[in-house]
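See structure below.
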There are 2 protein chains.
Amino acid sequence: MKIVLIGSGNVATHLAKAFFTAGHSIEQIYSRDMNNAQQLASIVNAVPIVDLQSVSAVVDLYVISVKDDAIEEVTKYLPNLDGLVVHTAGSVSMDVLSRFLNYGVFYPFQTFTRESDVDFSQIPLLVESNSEMSTGKLHQLGRELSKTVIKASSEQRGALHISAVFACNFVNHMYRLSEDVLKTSGLPFELLHPLIHETANKVLHLSPSLTQTGPASRNDQQIIKKHLTELEGQEELRQIYEMLTASIVKHQIN
Amino acid sequence: MKIVLIGSGNVATHLAKAFFTAGHSIEQIYSRDMNNAQQLASIVNAVPIVDLQSVSAVVDLYVISVKDDAIEEVTKYLPNLDGLVVHTAGSVSMDVLSRFLNYGVFYPFQTFTRESDVDFSQIPLLVESNSEMSTGKLHQLGRELSKTVIKASSEQRGALHISAVFACNFVNHMYRLSEDVLKTSGLPFELLHPLIHETANKVLHLSPSLTQTGPASRNDQQIIKKHLTELEGQEELRQIYEMLTASIVKHQIN
């Protein structure tokens with residue numbers, strides 16, 4: 001495939017490298033900043049551009065990989081295009097690209113940092129488009145990069161994003177609160193490392209509905225009361241403890 | 001050391017094997033159930049007993065490894081002893097053993113399942129006793145089993161238990177809620193596996209205060225509102241989302 005990449009950030013960089021490695025031809029790299037465009041273009045043997053009007057009209061795929069709130073802006077400045085135009089954002093509807101003939105989404109579901117290399121084969125890709133043929137193309141392209149490619153609607157991507165907030169952002173916050181509790185007691189966070197590792201590992205093999213342990217899962221009111229007493233004076237921790245304990249108890253019963 | 005083990009459950013079994021492997025002599029294994037006592041005793045070359053009054057008076061260490069709420073009961077039926085008497089429970093005060101001359105706690109901080117073998121060297125041990133000499137003994141014994149041995153008061157063990165509720169039980173519940181969100185949308189939980197793995201791995205190297213990502217950490221009110229709208233009708237998820245988002249925002253500011 002001949003591809004134009006619009007963007008030079010983390011996702012754009014990893015995608016450009018992955019397309020290039022898979023044998024596709026990256027024709028152009030667009031960035032508002034010529035240095036950024038040149039830097040990435042030199043890696044994947046592409047032409048750097050800074051003007052959206054100068055994108056090639058004869059490529060198969062345009063990949064818009066810019067910040068979520070810049071996608072609409074970019075879309076406005078692009079010329080009419082016959083090729084398939086996709087964005088790579090998890091929480092943006094496909095419809096922002098509806099002015100094009102063929103449009104869709106090609107969403108790698110993982111946080112990237114530009115510096116570290118990524119094993120793309122492990123990263124789930126979610127694809128969507130306005131026609132079965134384009135979806136097929138995106139699916140095939142995805143399979144060249146990743147072992148997991150799933151057709152997902154914009155609503156499904158929205159749900160996935162929310163689920164990731166729970167499984168990643170809120171999980172990290174739990175780690176942070178546990179670090180706070182330990183610090184207050186003069187104990188090192190490292191004590192929790194084996195347990196954190198084990199807790200995450202378990203749900204890679206079993207549903208989390210089967211791996212719940214602890215006082216709430218046993219509805220052990222004696223320990224729960226003891227903990228709430230010990231958390232007195234730390235209102236935020238106490239409220240979170242109470243709410244999540246109640247939620248676990250409820251889920252165990254259901 | 002000559003050791004008597006009181007109990008034959010998960011923790012008792014793993015401890016007995018670990019002591020035995022480290023070259024200590026397990027003299028007796030007590031269980032209310034003779035079959036259980038015999039089974040474990042045969043593995044570590046000990047004498048099975050079912051009567052607490054018949055524990056040997058001439059060993060160095062008595063390890064009470066029974067259910068939390070059975071410790072006091074066991075303590076009552078034991079004869080007076082000169083050796084060091086410890087329990088292995090995280091959330092029970094050392095003081096329940098105060099009728100003995102030398103007493104303390106030897107707490108392996110990890111959940112065990114009886115079936116799977118355990119790399120004891122990776123399991124943090126928390127020790128405490130009523131004298132410096134006994135604490136020194138427990139520390140030394142601990143170091144033969146684990147690379148991490150920490151002196152911790154009963155209060156510190158209490159804090160550790162609470163921190164584990166956050167880092168393990170509440171984390172698992174976040175996984176479960178994320179699975180619920182995905183199920184409702186017809187997406188497989190497996191999509192989150194790479195992210196779960198990465199999120200847990202990061203905090204094995206960095207403090208969780210440095211690894212927070214997502215809409216709350218950026219205080220991205222547009223996405224937060226979008227998510228809360230999408231969670232309408234799922235009040236429990238919505239309340240948890242709101243509370244934890246507010247907590248993350250507060251922590252990012254501080």
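Residues are referred to by chain and number: the chain letter is A, B, ... according to the order shown in the structure tokens, the number counts from 1 in that chain, and ligands are numbered separately from 1 in the order shown.
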- Please provide the set of residues having any atom within 8 Å of Phe170 in chain A, restricted to only C-alpha atoms, with same-chain residues fewer than 4 positions apart removed, written as a ChimeraX atom specification. /A:165-166,174 /B:171,174,244-245
Let me see the file: selected residues, all heavy atoms, as a PDB file, in the first residue's frame.
```
ATOM      1  N   VAL A 165      -9.961   3.172  31.452  1.00  0.00           N
ATOM      2  CA  VAL A 165      -9.843   4.097  32.585  1.00  0.00           C
ATOM      3  C   VAL A 165      -9.917   3.298  33.893  1.00  0.00           C
ATOM      4  O   VAL A 165      -9.127   3.508  34.809  1.00  0.00           O
ATOM      5  CB  VAL A 165     -10.936   5.191  32.533  1.00  0.00           C
ATOM      6  CG1 VAL A 165     -10.996   5.968  33.846  1.00  0.00           C
ATOM      7  CG2 VAL A 165     -10.683   6.142  31.368  1.00  0.00           C
ATOM      8  N   PHE A 166     -10.820   2.340  33.948  1.00  0.00           N
ATOM      9  CA  PHE A 166     -10.926   1.499  35.144  1.00  0.00           C
ATOM     10  C   PHE A 166      -9.701   0.587  35.294  1.00  0.00           C
ATOM     11  O   PHE A 166      -9.070   0.543  36.349  1.00  0.00           O
ATOM     12  CB  PHE A 166     -12.212   0.650  35.105  1.00  0.00           C
ATOM     13  CG  PHE A 166     -13.452   1.405  35.501  1.00  0.00           C
ATOM     14  CD1 PHE A 166     -14.189   2.107  34.555  1.00  0.00           C
ATOM     15  CD2 PHE A 166     -13.866   1.438  36.823  1.00  0.00           C
ATOM     16  CE1 PHE A 166     -15.323   2.828  34.926  1.00  0.00           C
ATOM     17  CE2 PHE A 166     -15.012   2.150  37.201  1.00  0.00           C
ATOM     18  CZ  PHE A 166     -15.736   2.850  36.245  1.00  0.00           C
ATOM     19  N   MET A 174      -5.170   3.203  42.601  1.00  0.00           N
ATOM     20  CA  MET A 174      -5.198   2.275  43.750  1.00  0.00           C
ATOM     21  C   MET A 174      -3.763   2.014  44.232  1.00  0.00           C
ATOM     22  O   MET A 174      -3.490   1.988  45.427  1.00  0.00           O
ATOM     23  CB  MET A 174      -5.864   0.950  43.378  1.00  0.00           C
ATOM     24  CG  MET A 174      -7.345   1.022  43.087  1.00  0.00           C
ATOM     25  SD  MET A 174      -8.301   1.664  44.470  1.00  0.00           S
ATOM     26  CE  MET A 174      -8.979   3.149  43.729  1.00  0.00           C
TER      27      MET A 174
ATOM     28  N   VAL B 171      -7.906  -3.315  43.185  1.00  0.00           N
ATOM     29  CA  VAL B 171      -7.399  -3.410  41.811  1.00  0.00           C
ATOM     30  C   VAL B 171      -8.156  -4.494  41.054  1.00  0.00           C
ATOM     31  O   VAL B 171      -8.616  -4.292  39.929  1.00  0.00           O
ATOM     32  CB  VAL B 171      -5.875  -3.682  41.796  1.00  0.00           C
ATOM     33  CG1 VAL B 171      -5.431  -4.275  40.454  1.00  0.00           C
ATOM     34  CG2 VAL B 171      -5.106  -2.398  42.093  1.00  0.00           C
ATOM     35  N   MET B 174     -11.455  -3.255  40.058  1.00  0.00           N
ATOM     36  CA  MET B 174     -11.378  -2.380  38.879  1.00  0.00           C
ATOM     37  C   MET B 174     -11.327  -3.226  37.597  1.00  0.00           C
ATOM     38  O   MET B 174     -11.980  -2.908  36.609  1.00  0.00           O
ATOM     39  CB  MET B 174     -10.126  -1.492  38.932  1.00  0.00           C
ATOM     40  CG  MET B 174     -10.118  -0.446  40.026  1.00  0.00           C
ATOM     41  SD  MET B 174     -11.507   0.705  39.899  1.00  0.00           S
ATOM     42  CE  MET B 174     -12.335   0.352  41.446  1.00  0.00           C
ATOM     43  N   LEU B 244     -13.303   8.396  41.953  1.00  0.00           N
ATOM     44  CA  LEU B 244     -11.889   8.131  41.702  1.00  0.00           C
ATOM     45  C   LEU B 244     -11.275   9.200  40.799  1.00  0.00           C
ATOM     46  O   LEU B 244     -10.115   9.574  40.971  1.00  0.00           O
ATOM     47  CB  LEU B 244     -11.699   6.729  41.104  1.00  0.00           C
ATOM     48  CG  LEU B 244     -12.101   5.591  42.051  1.00  0.00           C
ATOM     49  CD1 LEU B 244     -11.831   4.234  41.424  1.00  0.00           C
ATOM     50  CD2 LEU B 244     -11.367   5.704  43.397  1.00  0.00           C
ATOM     51  N   THR B 245     -12.072   9.720  39.872  1.00  0.00           N
ATOM     52  CA  THR B 245     -11.580  10.819  39.040  1.00  0.00           C
ATOM     53  C   THR B 245     -11.257  12.034  39.914  1.00  0.00           C
ATOM     54  O   THR B 245     -10.186  12.635  39.795  1.00  0.00           O
ATOM     55  CB  THR B 245     -12.620  11.173  37.956  1.00  0.00           C
ATOM     56  OG1 THR B 245     -12.709  10.077  37.042  1.00  0.00           O
ATOM     57  CG2 THR B 245     -12.235  12.429  37.197  1.00  0.00           C
TER      58      THR B 245
END
```
- Task: Write out as a ChimeraX atom specification each polymer residue whose atoms come within 8 Å of range 177-187 of chain B, counting only C-alpha atoms; drop sequence neighbours fewer than 3 positions from it.
- Result: /A:156,159-160,162-164,166-167,208 /B:173-174,191,237
- Task: Find the residues near range 193-199 of chain A: any atom within 6 Å, counting only C-alpha atoms, skip ones fewer than 3 places away on the same chain, and give them as a PyMOL selection string.
- Result: (chain A and resi 190+202) or (chain B and resi 168)
- Excluding same-chain residues fewer than 4 positions from range 211-222 of chain A, what lies within 7 Å of it counting only C-alpha atoms, as number ranges by chain? A: 207, 226, 245, 248-249, 252; B: 165, 169, 172
- Message: Residues near Met34 in chain B, anyone? I mean within 8 Å using only C-alpha atoms, not counting same-chain ones fewer than 5 positions away, as a count of residues only.
- Response: 3
- Query: Can you tell me, as a ChimeraX atom specification, what residues are no more than 9 Å from Glu144 in chain A when counting only C-alpha atoms, ignoring any on the same chain fewer than 5 positions away?
  - Reply: /A:19,22,121,139
Keeping only C-alpha atoms, write those residues as a short mmCIF file (atom, residue, chain, number, x, y, z; two decimals), in the first residue's frame.
```
data_model
loop_
_atom_site.label_atom_id
_atom_site.label_comp_id
_atom_site.auth_asym_id
_atom_site.auth_seq_id
_atom_site.Cartn_x
_atom_site.Cartn_y
_atom_site.Cartn_z
CA PHE A 19 3.93 0.02 8.14
CA ALA A 22 5.66 -4.60 6.92
CA SER A 121 2.12 -7.76 17.32
CA HIS A 139 -8.51 -5.56 8.82
#
```
- Item | Which residue of A:Lys76, A:Gln140, A:Asp69, A:Tyr30 approaches Ser54 in chain A most closely, using only C-alpha atoms | A:Tyr30
- Message: Would you pick out the contacts of Ala18 in chain B at 8 Å or less, using only C-alpha atoms, so that residues sharing its chain but fewer than 4 positions from it are not included, and give the list as an NGL selection string?
- Response: :B and (14 or 22 or 120 or 145)
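Taking CA of Ala200 in chain A as the reference point, CA of Asn10 in chain A is found at 26.0 Å.
CA of Ala16 in chain B lies 17.1 Å from CA of Val127 in chain B.
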- Which residues in range 6-247 of chain B does DSSP call helix (DSSP H, G or I)? List them as a ChimeraX atom specification. /B:10-21,34-44,52-54,68-77,94-97,120-122,132-145,154-184,189-202,208-210,221-230,235-247
- What separation in Å, quoted to one decimal, exists between CA of Glu27 in chain A and CA of Ser56 in chain A? 8.0 Å
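All residues of range 38-88 of chain A that DSSP, run on the backbone, classes as strand (DSSP E or B) are Val47, Pro48, Ile49, Leu61, Tyr62, Val63, Ile64, Leu84, Val85, Val86 and His87 of chain A.
With only C-alpha atoms as the atoms that count, the minimum distance from chain B to the choices A:Asn201, A:Ser93, A:Gln234, A:Asn130 is reached by A:Asn201.
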